[in-house]
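Colleague: Handing you this structure, nothing more for now.
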Amino acid sequence: MSADSTPSKETANPAVDGSELIRFDHVTKRFGTNTVLDSLDFTVSSGKHVTLIGPSGSGKTTILRLLMTLLKPDEGTIKVGGQYLTHEEKGGKLVPAGEKHTREVRKNIGMVFQQFNLFPNMKVLRNITEAPVHVLGLSKDEAEERARGLLDLVGLTEHIDKYPTQLSGGQQQRVAIARALAMRPQVLLLDEVTSALDPELVAGVLDVLRDIAHTTDITMLCVTHEMNFARDISDDVLMFDAGRVIESGSPEKIFTEPEHERTREFLSAVL
């Protein structure tokens, strides 16, 4: 797909109004004695593309895993679309959420992982239609129409009847992107999506994500060490260190005139 292409009505996301979509309030996450997130506060507005940068172990991926409810916070609360994610209000009190509540809120979130996590026994088309049919209740025809539009978006229409093992790593990751978008999430989480790819395959995947960022209204929360990509697609960049945001701002500010010494040290090592 070329950079000036526009996705069809079937692949585009609903319009957004710039309201707050994600809120972390005093979120702490520990693994044993190691505090990975330390009373973290931050928000993401709908339609924005936010990139999290920082050294390994600074808590970036933990944020994405909390949003996918693969982990639960030890302290604090998370809201998505104005609803608590891992808590719910009962009798005027905030209590741990039941699975039904969490599953309903989580439907608004899609994630593309470092590893592709495709179903090896399913062809490309069914990898994309499986969740919309069984989770969203779409008919097979509706799900397939949506999947075909998304495969066009990621440039894989001719591979619709192949199994994942018949695809390159870059092609598998593009299928994973299409699968995440098939659920029409409000927010797309990207966790180092090129880290498992051979270097020559990275550019193709990043080009697809640039197209999605520039031609849809979907909110994106991205963890990456691809700094040029972060500069291209981000509205805001957050620098993490030791479980806290130590600096945030536009890509121009962070990459050109960072204020924090730790940010300057990190960028000098990765740029």
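A note on labels: chains of the structure tokens are A, B, ... as shown, every chain counts residues from 1, and ligands are counted from 1 in their shown order.
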Run DSSP on the backbone and grab whatever in range 58-117 of chain A lands in helix (DSSP H, G or I); send it over as a list in words.
Modeller: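 Filtering range 58-117 of chain A down to helix (DSSP H, G or I) leaves Lys60, Thr61, Thr62, Ile63, Leu64, Arg65, Leu66, Leu67, Glu99, Lys100, His101, Thr102, Arg103, Glu104, Val105 and Arg106 of chain A.
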Colleague: I'd like the neighbourhood of Gln186 in chain A as a PyMOL selection string, where a residue qualifies if any of its atoms comes within 8 Å (using only C-alpha atoms), though same-chain residues fewer than 5 positions away should be ignored.
Modeller: chain A and resi 13+46+108-110+218-219
Colleague: Can you tell me which residues surround Phe42 in chain A at a distance of at most 9 Å, considering only C-alpha atoms, apart from same-chain residues fewer than 3 positions away, and format the answer as an NGL selection string?
Modeller: :A and (22-26 or 245)
Colleague: Kindly save the residues from that selection, with C-alpha atoms included, as a CSV table (one decimal), in the first residue's frame.
Modeller:
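Everything below was put into out_34.csv:
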chain,number,residue,atom,x,y,z
A,22,ILE,CA,-6.2,5.6,28.6
A,23,ARG,CA,-5.5,6.7,32.1
A,24,PHE,CA,-3.0,5.2,34.6
A,25,ASP,CA,-3.4,6.5,38.1
A,26,HIS,CA,-0.6,5.7,40.6
A,245,VAL,CA,8.3,8.9,33.0
Colleague: Which of these residues is nearest to Pro251 in chain A, using only C-alpha atoms: A:Thr51, A:Gly18, A:Asp141, A:Gly204?
Modeller: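 With only C-alpha atoms as the atom set, the closest residue is A:Thr51.
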Colleague: As a PyMOL selection string, please: every residue in range 26-234 of chain A that a backbone DSSP assignment puts in strand (DSSP E or B).
Modeller: chain A and resi 26-31+34-45+49-53+75-80+83-84+87-90+93-96+109-112+187-191+219-223
Colleague: Keeping C-alpha atoms for every residue in the selection just given, could you write it to a file as a PDB file, in the first residue's frame?
Modeller:
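Saved result, selection_24.pdb, follows:
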ATOM      1  CA  HIS A  26      -0.629   5.710  40.604  1.00  0.00           C
ATOM      2  CA  VAL A  27       0.014   2.327  38.993  1.00  0.00           C
ATOM      3  CA  THR A  28       2.693   0.231  40.653  1.00  0.00           C
ATOM      4  CA  LYS A  29       3.840  -3.168  39.430  1.00  0.00           C
ATOM      5  CA  ARG A  30       6.393  -5.323  41.222  1.00  0.00           C
ATOM      6  CA  PHE A  31       8.067  -8.598  40.412  1.00  0.00           C
ATOM      7  CA  ASN A  34      11.857  -5.367  41.832  1.00  0.00           C
ATOM      8  CA  THR A  35       9.526  -2.388  41.287  1.00  0.00           C
ATOM      9  CA  VAL A  36       9.028  -2.182  37.518  1.00  0.00           C
ATOM     10  CA  LEU A  37       6.443   0.620  37.545  1.00  0.00           C
ATOM     11  CA  ASP A  38       6.597   3.103  40.385  1.00  0.00           C
ATOM     12  CA  SER A  39       3.292   4.929  41.066  1.00  0.00           C
ATOM     13  CA  LEU A  40       2.967   5.721  37.370  1.00  0.00           C
ATOM     14  CA  ASP A  41       0.570   8.422  36.165  1.00  0.00           C
ATOM     15  CA  PHE A  42      -0.013   9.052  32.474  1.00  0.00           C
ATOM     16  CA  THR A  43      -2.791   9.490  29.930  1.00  0.00           C
ATOM     17  CA  VAL A  44      -3.284   8.942  26.214  1.00  0.00           C
ATOM     18  CA  SER A  45      -5.914  10.834  24.201  1.00  0.00           C
ATOM     19  CA  HIS A  49       0.201   8.110  18.584  1.00  0.00           C
ATOM     20  CA  VAL A  50       2.364   7.800  21.681  1.00  0.00           C
ATOM     21  CA  THR A  51       5.750   6.101  21.735  1.00  0.00           C
ATOM     22  CA  LEU A  52       7.455   4.823  24.874  1.00  0.00           C
ATOM     23  CA  ILE A  53      11.253   4.826  24.759  1.00  0.00           C
ATOM     24  CA  GLU A  75      -1.462  -0.739  43.222  1.00  0.00           C
ATOM     25  CA  GLY A  76      -3.392   1.937  41.353  1.00  0.00           C
ATOM     26  CA  THR A  77      -6.026   1.815  38.637  1.00  0.00           C
ATOM     27  CA  ILE A  78      -6.198   1.777  34.840  1.00  0.00           C
ATOM     28  CA  LYS A  79      -9.066   3.149  32.770  1.00  0.00           C
ATOM     29  CA  VAL A  80      -9.771   2.563  29.083  1.00  0.00           C
ATOM     30  CA  GLN A  83     -14.093   2.365  32.262  1.00  0.00           C
ATOM     31  CA  TYR A  84     -11.908   0.686  34.846  1.00  0.00           C
ATOM     32  CA  HIS A  87     -11.533  -2.959  38.757  1.00  0.00           C
ATOM     33  CA  GLU A  88     -15.254  -2.278  38.813  1.00  0.00           C
ATOM     34  CA  GLU A  89     -17.581  -0.317  41.045  1.00  0.00           C
ATOM     35  CA  LYS A  90     -19.979  -2.296  43.216  1.00  0.00           C
ATOM     36  CA  LYS A  93     -16.777   0.642  46.241  1.00  0.00           C
ATOM     37  CA  LEU A  94     -13.980  -0.187  43.832  1.00  0.00           C
ATOM     38  CA  VAL A  95     -13.336  -3.947  43.777  1.00  0.00           C
ATOM     39  CA  PRO A  96     -11.298  -6.303  41.559  1.00  0.00           C
ATOM     40  CA  ILE A 109      -7.588  -2.946  22.792  1.00  0.00           C
ATOM     41  CA  GLY A 110      -5.552  -4.733  20.136  1.00  0.00           C
ATOM     42  CA  MET A 111      -1.923  -5.751  20.447  1.00  0.00           C
ATOM     43  CA  VAL A 112       0.839  -6.794  18.075  1.00  0.00           C
ATOM     44  CA  VAL A 187      -6.187   1.500  20.642  1.00  0.00           C
ATOM     45  CA  LEU A 188      -3.438  -0.560  19.011  1.00  0.00           C
ATOM     46  CA  LEU A 189      -0.509  -1.615  21.188  1.00  0.00           C
ATOM     47  CA  LEU A 190       2.798  -2.298  19.431  1.00  0.00           C
ATOM     48  CA  ASP A 191       5.480  -4.120  21.408  1.00  0.00           C
ATOM     49  CA  THR A 219      -4.851   5.397  18.737  1.00  0.00           C
ATOM     50  CA  MET A 220      -1.396   3.835  18.928  1.00  0.00           C
ATOM     51  CA  LEU A 221       0.771   3.112  21.950  1.00  0.00           C
ATOM     52  CA  CYS A 222       4.147   1.911  20.760  1.00  0.00           C
ATOM     53  CA  VAL A 223       7.247   0.472  22.412  1.00  0.00           C
TER      54      VAL A 223
END
Colleague: Set the distance at 10 Å and use only C-alpha atoms: which residues neighbour Arg179 in chain A once local chain neighbours fewer than 2 positions away are removed? I'd like the list as a list of chain:residue names.
Modeller: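 After dropping sequence-adjacent residues, the list is A:Gly110, A:Met111, A:Val112, A:Leu118, A:Val124, A:Leu125, A:Arg126, A:Asn127, A:Ile128, A:Thr129, A:Glu130, A:Ala131, A:Pro132, A:Ala147, A:Leu150, A:Leu151, A:Gln173, A:Arg174, A:Val175, A:Ala176, A:Ile177, A:Leu181, A:Ala182, A:Met183, A:Arg184.
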Colleague: Mind checking which residues fall within 9 Å of Val154 in chain A, counting only C-alpha atoms, ignoring those fewer than 2 positions away in the same chain, and posting them as a JSON list (two decimals) with C-alpha atoms, in the first residue's frame?
Modeller:
[["chain", "number", "residue", "atom", "x", "y", "z"],
["A", 1, "MET", "CA", 0.00, 0.00, 0.00],
["A", 149, "GLY", "CA", -9.81, -5.25, 3.22],
["A", 150, "LEU", "CA", -7.15, -5.49, 5.89],
["A", 151, "LEU", "CA", -5.01, -7.86, 3.86],
["A", 152, "ASP", "CA", -5.12, -5.27, 1.08],
["A", 156, "LEU", "CA", -0.86, -9.50, 1.51],
["A", 157, "THR", "CA", -3.95, -10.18, -0.60],
["A", 171, "GLN", "CA", 4.70, -11.26, 6.17],
["A", 174, "ARG", "CA", 1.82, -8.03, 8.79],
["A", 175, "VAL", "CA", -0.82, -10.75, 9.20],
["A", 177, "ILE", "CA", -1.18, -6.47, 12.41],
["A", 178, "ALA", "CA", -4.23, -7.20, 10.24],
["A", 205, "VAL", "CA", 6.60, -3.81, 8.46],
["A", 208, "VAL", "CA", 2.72, -0.70, 6.88],
["A", 209, "LEU", "CA", 2.51, 0.79, 10.36],
["A", 211, "ASP", "CA", 0.46, 3.88, 6.54],
["A", 212, "ILE", "CA", -1.92, 2.89, 9.33]]
Colleague: Closest to Leu167 in chain A among A:His260, A:Asp207, A:His214, A:Pro120, using only C-alpha atoms?
Modeller: A:Pro120
